[in-house]
>>> print(open('entry.txt').read())   # compact mmCIF, C-alpha atoms
# COMPACT_ATOMS: atom_id res chain seq x y z
CA MET W 1 29.58 19.73 -6.97
CA LEU W 2 27.63 16.50 -6.33
CA LYS W 3 25.44 18.31 -3.79
CA GLU W 4 24.65 21.02 -6.35
CA GLN W 5 23.74 18.39 -8.95
CA CYS W 6 21.40 16.65 -6.49
CA SER W 7 19.80 19.99 -5.64
CA GLU W 8 19.26 20.79 -9.32
CA GLU W 9 17.78 17.33 -9.94
CA THR W 10 15.42 17.71 -6.97
CA SER W 11 14.32 21.11 -8.24
CA ARG W 12 13.69 19.70 -11.70
CA ILE W 13 11.72 16.76 -10.35
CA ALA W 14 9.58 19.15 -8.29
CA ASP W 15 8.87 21.28 -11.37
CA GLU W 16 8.13 18.30 -13.61
CA LEU W 17 5.97 16.57 -10.99
CA GLU W 18 3.53 19.46 -11.04
CA TYR W 19 2.65 18.61 -14.64
CA ALA W 20 3.11 14.82 -14.51
CA LEU W 21 -0.60 14.18 -13.96
CA GLU W 22 -1.60 16.52 -16.75
CA LYS W 23 0.89 14.90 -19.13
CA ARG W 24 -0.27 11.39 -18.14
CA GLN W 25 3.18 10.32 -16.99
CA LEU W 26 1.84 8.79 -13.77
CA SER W 27 0.33 5.32 -13.72
CA LEU W 28 -0.63 2.59 -11.30
CA HIS W 29 0.52 -0.99 -10.98
CA TYR W 30 -1.30 -3.51 -8.82
CA GLN W 31 0.27 -6.19 -6.65
CA PRO W 32 -2.08 -9.04 -5.74
CA GLN W 33 -2.61 -10.21 -2.18
CA PHE W 34 -3.40 -13.92 -1.96
CA GLU W 35 -5.39 -15.77 0.65
CA PHE W 36 -3.37 -18.63 2.07
CA PRO W 37 -3.46 -21.56 1.47
CA SER W 38 -6.55 -21.40 -0.82
CA GLY W 39 -4.82 -19.21 -3.40
CA ASN W 40 -7.87 -16.96 -3.73
CA ILE W 41 -7.21 -13.27 -4.30
CA ARG W 42 -7.97 -11.00 -1.36
CA GLY W 43 -7.31 -7.84 -3.34
CA PHE W 44 -4.58 -5.62 -4.74
CA GLU W 45 -2.20 -2.94 -3.50
CA ALA W 46 -2.08 0.08 -5.82
CA LEU W 47 1.50 1.21 -6.48
CA LEU W 48 2.27 4.58 -8.06
CA ARG W 49 4.72 4.75 -10.97
CA TRP W 50 6.21 7.74 -12.78
CA HIS W 51 7.85 7.37 -16.17
CA HIS W 52 9.39 10.62 -17.33
CA PRO W 53 10.13 10.89 -21.09
CA GLU W 54 13.67 12.17 -20.43
CA LEU W 55 14.54 11.08 -16.89
CA GLY W 56 13.04 7.61 -17.31
CA SER W 57 11.43 5.75 -14.39
CA ILE W 58 11.59 7.78 -11.19
CA SER W 59 11.25 5.86 -7.93
CA PRO W 60 8.40 6.78 -5.57
CA LEU W 61 11.05 6.89 -2.84
CA ARG W 62 12.48 9.81 -4.77
CA PHE W 63 9.42 11.77 -5.79
CA ILE W 64 6.91 11.15 -2.99
CA PRO W 65 8.94 13.14 -0.40
CA ILE W 66 9.17 15.96 -2.94
CA ALA W 67 5.40 15.78 -3.48
CA GLU W 68 4.93 16.06 0.28
CA GLU W 69 7.29 19.03 0.56
CA THR W 70 5.64 20.91 -2.29
CA GLY W 71 2.06 20.17 -1.29
CA LEU W 72 1.36 18.17 -4.45
CA ILE W 73 0.74 15.01 -2.45
CA ASP W 74 -2.93 15.90 -1.87
CA SER W 75 -3.85 16.10 -5.56
CA ILE W 76 -1.64 13.15 -6.53
CA GLY W 77 -2.94 11.05 -3.64
CA MET W 78 -6.57 11.65 -4.50
CA TRP W 79 -5.86 10.88 -8.17
CA VAL W 80 -4.31 7.56 -7.10
CA MET W 81 -7.31 6.73 -4.93
CA HIS W 82 -9.81 7.58 -7.66
CA GLN W 83 -7.94 5.59 -10.32
CA ALA W 84 -7.52 2.60 -7.99
CA CYS W 85 -11.20 2.59 -7.02
CA GLU W 86 -12.25 2.85 -10.67
CA LYS W 87 -10.09 -0.14 -11.50
CA ILE W 88 -11.31 -2.29 -8.62
CA ARG W 89 -14.91 -1.49 -9.59
CA GLN W 90 -14.14 -2.87 -13.05
CA ILE W 91 -12.56 -5.99 -11.55
CA GLN W 92 -15.47 -6.50 -9.15
CA LYS W 93 -18.13 -6.18 -11.85
CA SER W 94 -16.60 -8.67 -14.22
CA HIS W 95 -14.32 -11.03 -12.30
CA LEU W 96 -13.73 -10.76 -8.54
CA PRO W 97 -16.77 -9.25 -6.77
CA ASN W 98 -15.26 -9.12 -3.27
CA SER W 99 -11.75 -7.92 -4.05
CA ILE W 100 -10.22 -5.11 -1.98
CA ILE W 101 -8.06 -2.22 -3.17
CA SER W 102 -5.30 -1.00 -0.86
CA VAL W 103 -4.06 2.56 -1.30
CA ASN W 104 -1.08 4.10 0.46
CA ILE W 105 -1.73 7.46 2.10
CA SER W 106 0.62 10.11 3.44
CA ALA W 107 0.32 11.63 6.89
CA ILE W 108 0.10 14.99 5.14
CA GLN W 109 -3.02 13.80 3.31
CA LEU W 110 -4.43 12.52 6.57
CA ASN W 111 -4.03 15.93 8.18
CA ASN W 112 -5.90 17.69 5.41
CA PRO W 113 -9.20 18.83 7.04
CA PHE W 114 -11.08 17.71 3.92
CA PHE W 115 -9.52 14.25 3.73
CA PHE W 116 -12.54 12.39 5.14
CA GLU W 117 -14.89 14.20 2.77
CA ASN W 118 -12.56 13.60 -0.19
CA VAL W 119 -12.36 9.86 0.46
CA MET W 120 -16.11 9.51 0.80
CA ASN W 121 -16.58 11.47 -2.43
CA VAL W 122 -14.27 9.07 -4.27
CA LEU W 123 -16.26 6.10 -3.00
CA HIS W 124 -19.50 7.75 -4.09
CA GLN W 125 -18.17 8.69 -7.53
CA THR W 126 -16.79 5.22 -8.21
CA SER W 127 -19.67 3.29 -6.59
CA ILE W 128 -17.32 1.33 -4.33
CA ALA W 129 -18.62 0.11 -0.97
CA PRO W 130 -16.41 1.33 1.93
CA GLN W 131 -15.44 -2.19 3.02
CA TYR W 132 -13.55 -2.71 -0.24
CA LEU W 133 -11.18 0.21 0.32
CA GLU W 134 -8.13 -0.20 2.53
CA LEU W 135 -5.95 2.78 3.46
CA GLU W 136 -2.32 1.93 4.21
CA LEU W 137 -0.20 3.96 6.59
CA THR W 138 3.54 3.37 6.55
CA GLU W 139 4.77 2.77 10.07
CA SER W 140 7.82 4.98 9.54
CA THR W 141 5.50 7.95 8.95
CA ASN W 142 5.99 10.64 11.59
CA ILE W 143 3.97 9.43 14.57
CA ALA W 144 2.98 12.97 15.55
CA CYS W 145 1.39 13.47 12.12
CA ILE W 146 -0.50 10.19 12.44
CA ASN W 147 -1.68 11.09 15.94
CA ASN W 148 -3.12 14.36 14.64
CA GLY W 149 -5.17 12.37 12.13
CA THR W 150 -6.35 9.62 14.45
CA ASP W 151 -9.87 11.04 14.70
CA THR W 152 -10.11 11.08 10.91
CA LEU W 153 -8.95 7.46 10.76
CA ARG W 154 -11.56 6.50 13.34
CA ALA W 155 -14.28 8.26 11.36
CA LEU W 156 -13.22 6.43 8.19
CA ALA W 157 -13.09 3.10 10.03
CA LEU W 158 -16.63 3.69 11.33
CA GLN W 159 -17.74 3.97 7.69
CA GLY W 160 -16.36 0.47 7.10
CA ILE W 161 -13.08 1.47 5.44
CA LYS W 162 -10.16 -0.77 6.41
CA ILE W 163 -7.07 0.80 7.99
CA ALA W 164 -3.75 -1.01 7.51
CA LEU W 165 -0.33 -0.43 9.06
CA ASP W 166 2.40 -1.14 6.52
CA ASP W 167 6.04 -2.09 7.28
CA PHE W 168 5.05 -3.34 10.73
CA GLY W 169 7.98 -3.98 13.05
CA VAL W 170 10.57 -1.59 11.65
CA GLU W 171 9.95 1.25 14.11
CA ASN W 172 10.17 1.30 17.89
CA ASN W 173 6.58 2.55 18.20
CA SER W 174 4.97 -0.56 16.69
CA LEU W 175 3.00 -1.55 19.77
CA LEU W 176 1.97 2.05 20.42
CA GLN W 177 0.46 2.22 16.94
CA LEU W 178 -1.50 -0.96 17.62
CA GLN W 179 -2.94 0.66 20.71
CA LYS W 180 -3.82 4.05 19.21
CA LEU W 181 -4.93 3.40 15.65
CA PRO W 182 -8.25 1.82 14.53
CA LEU W 183 -6.45 -0.90 12.59
CA SER W 184 -7.97 -3.83 10.79
CA THR W 185 -4.77 -5.02 9.08
CA ILE W 186 -1.03 -5.16 9.73
CA LYS W 187 1.55 -5.96 7.09
CA ILE W 188 4.77 -7.60 8.23
CA ASP W 189 7.72 -5.70 6.81
CA ARG W 190 9.40 -7.56 3.97
CA SER W 191 12.82 -7.35 5.65
CA PHE W 192 11.65 -9.84 8.30
CA VAL W 193 10.12 -12.23 5.78
CA ILE W 194 13.11 -12.15 3.44
CA ASN W 195 15.62 -12.79 6.25
CA MET W 196 13.64 -15.11 8.51
CA MET W 197 15.05 -18.35 7.07
CA HIS W 198 18.65 -17.45 7.96
CA ASP W 199 18.19 -15.05 10.86
CA SER W 200 16.63 -16.55 13.99
CA ARG W 201 15.61 -13.16 15.33
CA CYS W 202 13.66 -12.31 12.18
CA LYS W 203 12.04 -15.73 12.34
CA ILE W 204 10.93 -15.25 15.94
CA ILE W 205 9.63 -11.73 15.26
CA THR W 206 7.65 -12.85 12.21
CA GLU W 207 5.99 -15.70 14.08
CA TRP W 208 5.28 -13.39 17.02
CA VAL W 209 3.60 -10.77 14.82
CA ILE W 210 1.35 -13.40 13.22
CA THR W 211 0.35 -14.74 16.64
CA LEU W 212 -0.19 -11.24 18.04
CA ALA W 213 -2.37 -10.20 15.09
CA ARG W 214 -4.52 -13.29 15.47
CA LYS W 215 -5.05 -12.63 19.19
CA LEU W 216 -6.00 -9.01 18.45
CA GLY W 217 -8.42 -10.04 15.74
CA LEU W 218 -6.42 -8.32 13.01
CA ILE W 219 -5.74 -9.42 9.46
CA VAL W 220 -2.04 -10.06 8.88
CA ILE W 221 -0.31 -9.93 5.50
CA ALA W 222 3.26 -11.12 4.97
CA GLU W 223 5.06 -8.95 2.41
CA GLY W 224 8.13 -9.82 0.38
CA VAL W 225 7.52 -13.56 -0.02
CA GLU W 226 10.10 -14.69 -2.58
CA SER W 227 10.74 -18.38 -1.94
CA PHE W 228 8.82 -21.62 -1.38
CA GLU W 229 10.78 -22.08 1.84
CA GLN W 230 9.31 -18.85 3.21
CA LEU W 231 5.87 -19.83 1.96
CA HIS W 232 6.05 -23.21 3.72
CA GLN W 233 7.11 -21.60 6.99
CA LEU W 234 4.32 -19.00 6.85
CA ARG W 235 1.83 -21.79 6.20
CA GLN W 236 3.00 -23.58 9.33
CA TRP W 237 2.32 -20.40 11.30
CA GLU W 238 -1.13 -20.11 9.68
CA CYS W 239 -0.43 -16.73 8.13
CA GLU W 240 -3.66 -15.59 6.44
CA TYR W 241 -2.45 -13.57 3.47
CA ILE W 242 0.65 -13.41 1.29
CA GLN W 243 2.10 -10.74 -0.98
CA GLY W 244 5.36 -10.98 -2.89
CA TYR W 245 7.26 -11.73 -6.07
CA LEU W 246 6.99 -15.51 -5.61
CA LEU W 247 3.27 -15.32 -6.34
CA SER W 248 3.10 -12.15 -8.42
CA ARG W 249 5.06 -9.00 -9.13
CA PRO W 250 3.14 -5.71 -9.47
CA LEU W 251 0.95 -5.85 -12.59
CA SER W 252 0.08 -3.28 -15.21
CA GLU W 253 -3.61 -2.63 -15.87
CA GLN W 254 -3.61 -5.05 -18.80
CA GLU W 255 -1.85 -7.76 -16.79
CA LEU W 256 -4.26 -7.19 -13.91
CA LEU W 257 -7.25 -7.86 -16.16
CA LEU W 258 -5.65 -11.05 -17.50
CA LEU W 259 -5.04 -12.31 -13.95
CA ALA W 260 -8.59 -11.50 -12.90
CA LYS W 261 -10.01 -13.33 -15.94
CA SER W 262 -8.07 -16.45 -14.94
CA TYR W 263 -10.21 -16.67 -11.79
CA LEU W 264 -13.49 -16.94 -13.71
>>> encode(input="entry.txt", output="structure tokens")
Amino acid sequence: MLKEQCSEETSRIADELEYALEKRQLSLHYQPQFEFPSGNIRGFEALLRWHHPELGSISPLRFIPIAEETGLIDSIGMWVMHQACEKIRQIQKSHLPNSIISVNISAIQLNNPFFFENVMNVLHQTSIAPQYLELELTESTNIACINNGTDTLRALALQGIKIALDDFGVENNSLLQLQKLPLSTIKIDRSFVINMMHDSRCKIITEWVITLARKLGLIVIAEGVESFEQLHQLRQWECEYIQGYLLSRPLSEQELLLLAKSYL
């Protein structure tokens, strides 16, 4: 019975998702990334939200896999990118001229033969310079799918677009990804940061990733920073950038503008 209910819910979500964009149920929140220890803003990660009038807030962990299965991820993903670039253009013009926008992409999007062209069109339409867009790949994404899109990633990187590997360290192919992908940024998975103060292995891994990134000339961002104790430890290791609830939760568009104004 429970399995049937889950199947019915999944089917409903798939049906409703097709019209979520049209009905303006999807929105973006923006989580700031702070330079450390100056406190300056590096940029923002765009996070997709879906608030359904009957089902309430639906987690991306729930609806993104459905979007991938149904093929809706291409249209949703490009909408996210366009909205995020429009917003960062607004922020750059009035408040933070060098801020970056980070957008998560699916391996399915990456394997679309028109993905490169679509990304460049978004940059042209929104008047954003390539160096201010960062595309985030989740490390747990199927490595075969990523490998098929490596040439596209290289072409985008040659245009100046930043390529980031999210959730670094959670998969056993971490080092392989460093070797194969044209990365500019790695993001330490929040599970290591959250647990590093009471788990010696997490502490060692976190320090090692920061050191490795520095030697490879990569930007490193620590995700999931939630305490001053963690912040102090990351400062000792000279971690460049910080993201987490201690400094800021994801912000609505209105909250984002208020934060940006505070840096004038």
>>> residues_around(input="entry.txt", residues="W:Glu18", least_positions_apart="2", cutoff="12 Å", atoms="only C-alpha atoms", output="ChimeraX atom specification")
/W:11-16,20-26,63,66-68,70-76
>>> residues_around(input="entry.txt", residues="W:Gln243", least_positions_apart="4", cutoff="10 Å", atoms="only C-alpha atoms", output="ChimeraX atom specification")
/W:31-35,44-45,187,190,221-226,247-250
>>> write_last_selection(input="entry.txt", atoms="C-alpha atoms", output="PDB file, keeping the file's coordinate frame")
ATOM      1  CA  GLN W  31       0.270  -6.190  -6.650  1.00  0.00           C
ATOM      2  CA  PRO W  32      -2.080  -9.040  -5.740  1.00  0.00           C
ATOM      3  CA  GLN W  33      -2.610 -10.210  -2.180  1.00  0.00           C
ATOM      4  CA  PHE W  34      -3.400 -13.920  -1.960  1.00  0.00           C
ATOM      5  CA  GLU W  35      -5.390 -15.770   0.650  1.00  0.00           C
ATOM      6  CA  PHE W  44      -4.580  -5.620  -4.740  1.00  0.00           C
ATOM      7  CA  GLU W  45      -2.200  -2.940  -3.500  1.00  0.00           C
ATOM      8  CA  LYS W 187       1.550  -5.960   7.090  1.00  0.00           C
ATOM      9  CA  ARG W 190       9.400  -7.560   3.970  1.00  0.00           C
ATOM     10  CA  ILE W 221      -0.310  -9.930   5.500  1.00  0.00           C
ATOM     11  CA  ALA W 222       3.260 -11.120   4.970  1.00  0.00           C
ATOM     12  CA  GLU W 223       5.060  -8.950   2.410  1.00  0.00           C
ATOM     13  CA  GLY W 224       8.130  -9.820   0.380  1.00  0.00           C
ATOM     14  CA  VAL W 225       7.520 -13.560  -0.020  1.00  0.00           C
ATOM     15  CA  GLU W 226      10.100 -14.690  -2.580  1.00  0.00           C
ATOM     16  CA  LEU W 247       3.270 -15.320  -6.340  1.00  0.00           C
ATOM     17  CA  SER W 248       3.100 -12.150  -8.420  1.00  0.00           C
ATOM     18  CA  ARG W 249       5.060  -9.000  -9.130  1.00  0.00           C
ATOM     19  CA  PRO W 250       3.140  -5.710  -9.470  1.00  0.00           C
TER      20      PRO W 250
END
>>> closest_residue(input="entry.txt", among="W:His82, W:Thr138, W:Thr152, W:Ala129", to="W:Phe114", atoms="all atoms listed in the file")
W:Thr152
>>> atom_distance(input="entry.txt", atom1="atom CA of W:Leu165", atom2="atom CA of W:Asp189")
9.9 Å
>>> closest_residue(input="entry.txt", among="W:Ser27, W:Asn121, W:Gln159, W:Gln131", to="W:Pro60", atoms="all atoms listed in the file")
W:Ser27
>>> residues_around(input="entry.txt", residues="W:Glu207", least_positions_apart="5", cutoff="9 Å", atoms="all atoms listed in the file", output="list in words")
Cys202, Leu212, Leu234, Trp237 and Cys239 of chain W
>>> atom_distance(input="entry.txt", atom1="atom CA of W:Val80", atom2="atom CA of W:Gly217")
29.1 Å
>>> axis_aligned_box(input="entry.txt", around="stretch 242-253 of chain W", padding_each_side="6 Å", output="AutoDock Vina command-line options")
--center_x 1.8 --center_y -9.1 --center_z -7.3 --size_x 22.9 --size_y 24.9 --size_z 29.2
>>> closest_residue(input="entry.txt", among="W:Val122, W:Leu256, W:Ile91, W:Glu134", to="W:Asn104", atoms="all atoms listed in the file")
W:Glu134
>>> residues_near_point(input="entry.txt", point="(-8.4, -2.6, -1.9)", cutoff="9 Å", atoms="all atoms listed in the file", output="PyMOL selection string")
chain W and resi 42-46+84-85+88+99-103+131-135+162
>>> write_last_selection(input="entry.txt", atoms="C-alpha atoms", output="mmCIF file, keeping the file's coordinate frame")
data_model
loop_
_atom_site.group_PDB
_atom_site.id
_atom_site.type_symbol
_atom_site.label_atom_id
_atom_site.label_comp_id
_atom_site.auth_asym_id
_atom_site.auth_seq_id
_atom_site.Cartn_x
_atom_site.Cartn_y
_atom_site.Cartn_z
ATOM 1 C CA ARG W 42 -7.970 -11.000 -1.360
ATOM 2 C CA GLY W 43 -7.310 -7.840 -3.340
ATOM 3 C CA PHE W 44 -4.580 -5.620 -4.740
ATOM 4 C CA GLU W 45 -2.200 -2.940 -3.500
ATOM 5 C CA ALA W 46 -2.080 0.080 -5.820
ATOM 6 C CA ALA W 84 -7.520 2.600 -7.990
ATOM 7 C CA CYS W 85 -11.200 2.590 -7.020
ATOM 8 C CA ILE W 88 -11.310 -2.290 -8.620
ATOM 9 C CA SER W 99 -11.750 -7.920 -4.050
ATOM 10 C CA ILE W 100 -10.220 -5.110 -1.980
ATOM 11 C CA ILE W 101 -8.060 -2.220 -3.170
ATOM 12 C CA SER W 102 -5.300 -1.000 -0.860
ATOM 13 C CA VAL W 103 -4.060 2.560 -1.300
ATOM 14 C CA GLN W 131 -15.440 -2.190 3.020
ATOM 15 C CA TYR W 132 -13.550 -2.710 -0.240
ATOM 16 C CA LEU W 133 -11.180 0.210 0.320
ATOM 17 C CA GLU W 134 -8.130 -0.200 2.530
ATOM 18 C CA LEU W 135 -5.950 2.780 3.460
ATOM 19 C CA LYS W 162 -10.160 -0.770 6.410
#
>>> closest_residue(input="entry.txt", among="W:Leu181, W:Ile204, W:Leu216, W:Leu47", to="W:Asp151", atoms="only C-alpha atoms")
W:Leu181
>>> atom_distance(input="entry.txt", atom1="atom CA of W:Gly77", atom2="atom CA of W:Arg62")
15.5 Å
>>> closest_residue(input="entry.txt", among="W:Leu110, W:Val220, W:Val209, W:Ile242", to="W:Phe192", atoms="all atoms listed in the file")
W:Val209
>>> closest_residue(input="entry.txt", among="W:Ile205, W:Leu258, W:Leu246, W:Leu251", to="W:Leu28", atoms="all atoms listed in the file")
W:Leu251
>>> residues_around(input="entry.txt", residues="W:Leu183", least_positions_apart="2", cutoff="6 Å", atoms="only C-alpha atoms", output="mmCIF file with C-alpha atoms, keeping the file's coordinate frame")
data_model
loop_
_atom_site.group_PDB
_atom_site.id
_atom_site.type_symbol
_atom_site.label_atom_id
_atom_site.label_comp_id
_atom_site.auth_asym_id
_atom_site.auth_seq_id
_atom_site.Cartn_x
_atom_site.Cartn_y
_atom_site.Cartn_z
ATOM 1 C CA ILE W 163 -7.070 0.800 7.990
ATOM 2 C CA ALA W 164 -3.750 -1.010 7.510
ATOM 3 C CA LEU W 181 -4.930 3.400 15.650
ATOM 4 C CA THR W 185 -4.770 -5.020 9.080
#
>>> residues_near_point(input="entry.txt", point="(-14.6, 10.1, 9.9)", cutoff="10 Å", atoms="only C-alpha atoms", output="PyMOL selection string")
chain W and resi 115-117+119-120+149-159+161
>>> write_last_selection(input="entry.txt", atoms="C-alpha atoms", output="PDB file, keeping the file's coordinate frame")
ATOM      1  CA  PHE W 115      -9.520  14.250   3.730  1.00  0.00           C
ATOM      2  CA  PHE W 116     -12.540  12.390   5.140  1.00  0.00           C
ATOM      3  CA  GLU W 117     -14.890  14.200   2.770  1.00  0.00           C
ATOM      4  CA  VAL W 119     -12.360   9.860   0.460  1.00  0.00           C
ATOM      5  CA  MET W 120     -16.110   9.510   0.800  1.00  0.00           C
ATOM      6  CA  GLY W 149      -5.170  12.370  12.130  1.00  0.00           C
ATOM      7  CA  THR W 150      -6.350   9.620  14.450  1.00  0.00           C
ATOM      8  CA  ASP W 151      -9.870  11.040  14.700  1.00  0.00           C
ATOM      9  CA  THR W 152     -10.110  11.080  10.910  1.00  0.00           C
ATOM     10  CA  LEU W 153      -8.950   7.460  10.760  1.00  0.00           C
ATOM     11  CA  ARG W 154     -11.560   6.500  13.340  1.00  0.00           C
ATOM     12  CA  ALA W 155     -14.280   8.260  11.360  1.00  0.00           C
ATOM     13  CA  LEU W 156     -13.220   6.430   8.190  1.00  0.00           C
ATOM     14  CA  ALA W 157     -13.090   3.100  10.030  1.00  0.00           C
ATOM     15  CA  LEU W 158     -16.630   3.690  11.330  1.00  0.00           C
ATOM     16  CA  GLN W 159     -17.740   3.970   7.690  1.00  0.00           C
ATOM     17  CA  ILE W 161     -13.080   1.470   5.440  1.00  0.00           C
TER      18      ILE W 161
END
>>> residues_around(input="entry.txt", residues="W:Ser227", least_positions_apart="5", cutoff="9 Å", atoms="only C-alpha atoms", output="PyMOL selection string")
chain W and resi 194+232+245-246
>>> decode(input="entry.txt", residues="stretch 225-251 of chain W", atoms="N, CA and C atoms", output="PDB file, in the first residue's frame")
ATOM      1  N   VAL W 225      29.338  25.438   7.088  1.00  0.00           N
ATOM      2  CA  VAL W 225      29.944  26.026   8.285  1.00  0.00           C
ATOM      3  C   VAL W 225      28.828  26.521   9.205  1.00  0.00           C
ATOM      4  N   GLU W 226      28.759  25.969  10.405  1.00  0.00           N
ATOM      5  CA  GLU W 226      27.659  26.272  11.312  1.00  0.00           C
ATOM      6  C   GLU W 226      28.098  26.706  12.698  1.00  0.00           C
ATOM      7  N   SER W 227      29.408  26.740  12.957  1.00  0.00           N
ATOM      8  CA  SER W 227      29.865  27.136  14.291  1.00  0.00           C
ATOM      9  C   SER W 227      31.144  27.958  14.186  1.00  0.00           C
ATOM     10  N   PHE W 228      31.390  28.785  15.224  1.00  0.00           N
ATOM     11  CA  PHE W 228      32.612  29.588  15.269  1.00  0.00           C
ATOM     12  C   PHE W 228      33.830  28.696  15.443  1.00  0.00           C
ATOM     13  N   GLU W 229      33.641  27.551  16.073  1.00  0.00           N
ATOM     14  CA  GLU W 229      34.743  26.607  16.241  1.00  0.00           C
ATOM     15  C   GLU W 229      35.223  26.109  14.873  1.00  0.00           C
ATOM     16  N   GLN W 230      34.289  25.768  14.014  1.00  0.00           N
ATOM     17  CA  GLN W 230      34.642  25.343  12.658  1.00  0.00           C
ATOM     18  C   GLN W 230      35.317  26.487  11.900  1.00  0.00           C
ATOM     19  N   LEU W 231      34.758  27.670  12.044  1.00  0.00           N
ATOM     20  CA  LEU W 231      35.292  28.842  11.358  1.00  0.00           C
ATOM     21  C   LEU W 231      36.738  29.101  11.771  1.00  0.00           C
ATOM     22  N   HIS W 232      37.017  29.011  13.062  1.00  0.00           N
ATOM     23  CA  HIS W 232      38.370  29.235  13.576  1.00  0.00           C
ATOM     24  C   HIS W 232      39.335  28.202  13.008  1.00  0.00           C
ATOM     25  N   GLN W 233      38.898  26.940  12.962  1.00  0.00           N
ATOM     26  CA  GLN W 233      39.776  25.890  12.448  1.00  0.00           C
ATOM     27  C   GLN W 233      40.063  26.098  10.958  1.00  0.00           C
ATOM     28  N   LEU W 234      39.050  26.446  10.187  1.00  0.00           N
ATOM     29  CA  LEU W 234      39.238  26.686   8.754  1.00  0.00           C
ATOM     30  C   LEU W 234      40.167  27.872   8.515  1.00  0.00           C
ATOM     31  N   ARG W 235      40.085  28.864   9.396  1.00  0.00           N
ATOM     32  CA  ARG W 235      40.988  30.017   9.269  1.00  0.00           C
ATOM     33  C   ARG W 235      42.434  29.591   9.502  1.00  0.00           C
ATOM     34  N   GLN W 236      42.650  28.720  10.462  1.00  0.00           N
ATOM     35  CA  GLN W 236      44.005  28.230  10.714  1.00  0.00           C
ATOM     36  C   GLN W 236      44.579  27.499   9.504  1.00  0.00           C
ATOM     37  N   TRP W 237      43.713  26.823   8.758  1.00  0.00           N
ATOM     38  CA  TRP W 237      44.139  26.102   7.562  1.00  0.00           C
ATOM     39  C   TRP W 237      44.172  26.990   6.323  1.00  0.00           C
ATOM     40  N   GLU W 238      43.840  28.274   6.493  1.00  0.00           N
ATOM     41  CA  GLU W 238      43.845  29.253   5.409  1.00  0.00           C
ATOM     42  C   GLU W 238      42.875  28.874   4.291  1.00  0.00           C
ATOM     43  N   CYS W 239      41.701  28.408   4.692  1.00  0.00           N
ATOM     44  CA  CYS W 239      40.642  28.136   3.724  1.00  0.00           C
ATOM     45  C   CYS W 239      40.175  29.464   3.125  1.00  0.00           C
ATOM     46  N   GLU W 240      40.040  29.511   1.806  1.00  0.00           N
ATOM     47  CA  GLU W 240      39.782  30.786   1.113  1.00  0.00           C
ATOM     48  C   GLU W 240      38.344  31.277   1.245  1.00  0.00           C
ATOM     49  N   TYR W 241      37.393  30.353   1.118  1.00  0.00           N
ATOM     50  CA  TYR W 241      35.991  30.773   1.042  1.00  0.00           C
ATOM     51  C   TYR W 241      35.102  29.885   1.909  1.00  0.00           C
ATOM     52  N   ILE W 242      34.048  30.501   2.434  1.00  0.00           N
ATOM     53  CA  ILE W 242      33.168  29.860   3.402  1.00  0.00           C
ATOM     54  C   ILE W 242      31.710  30.006   2.947  1.00  0.00           C
ATOM     55  N   GLN W 243      30.947  28.937   3.164  1.00  0.00           N
ATOM     56  CA  GLN W 243      29.517  28.977   2.865  1.00  0.00           C
ATOM     57  C   GLN W 243      28.802  28.174   3.951  1.00  0.00           C
ATOM     58  N   GLY W 244      27.769  28.732   4.539  1.00  0.00           N
ATOM     59  CA  GLY W 244      27.058  27.982   5.571  1.00  0.00           C
ATOM     60  C   GLY W 244      26.153  28.846   6.416  1.00  0.00           C
ATOM     61  N   TYR W 245      25.338  28.189   7.225  1.00  0.00           N
ATOM     62  CA  TYR W 245      24.309  28.875   8.002  1.00  0.00           C
ATOM     63  C   TYR W 245      24.874  29.814   9.065  1.00  0.00           C
ATOM     64  N   LEU W 246      26.126  29.603   9.496  1.00  0.00           N
ATOM     65  CA  LEU W 246      26.713  30.503  10.483  1.00  0.00           C
ATOM     66  C   LEU W 246      26.769  31.927   9.932  1.00  0.00           C
ATOM     67  N   LEU W 247      27.107  32.046   8.662  1.00  0.00           N
ATOM     68  CA  LEU W 247      27.255  33.362   8.041  1.00  0.00           C
ATOM     69  C   LEU W 247      25.991  33.810   7.328  1.00  0.00           C
ATOM     70  N   SER W 248      25.289  32.888   6.703  1.00  0.00           N
ATOM     71  CA  SER W 248      24.033  33.242   6.050  1.00  0.00           C
ATOM     72  C   SER W 248      23.319  31.989   5.552  1.00  0.00           C
ATOM     73  N   ARG W 249      22.035  31.927   5.804  1.00  0.00           N
ATOM     74  CA  ARG W 249      21.198  30.900   5.194  1.00  0.00           C
ATOM     75  C   ARG W 249      20.883  31.340   3.761  1.00  0.00           C
ATOM     76  N   PRO W 250      20.294  30.476   2.936  1.00  0.00           N
ATOM     77  CA  PRO W 250      19.861  30.910   1.604  1.00  0.00           C
ATOM     78  C   PRO W 250      18.851  32.054   1.699  1.00  0.00           C
ATOM     79  N   LEU W 251      18.986  33.037   0.828  1.00  0.00           N
ATOM     80  CA  LEU W 251      18.191  34.257   0.895  1.00  0.00           C
ATOM     81  C   LEU W 251      17.193  34.338  -0.252  1.00  0.00           C
TER      82      LEU W 251
END
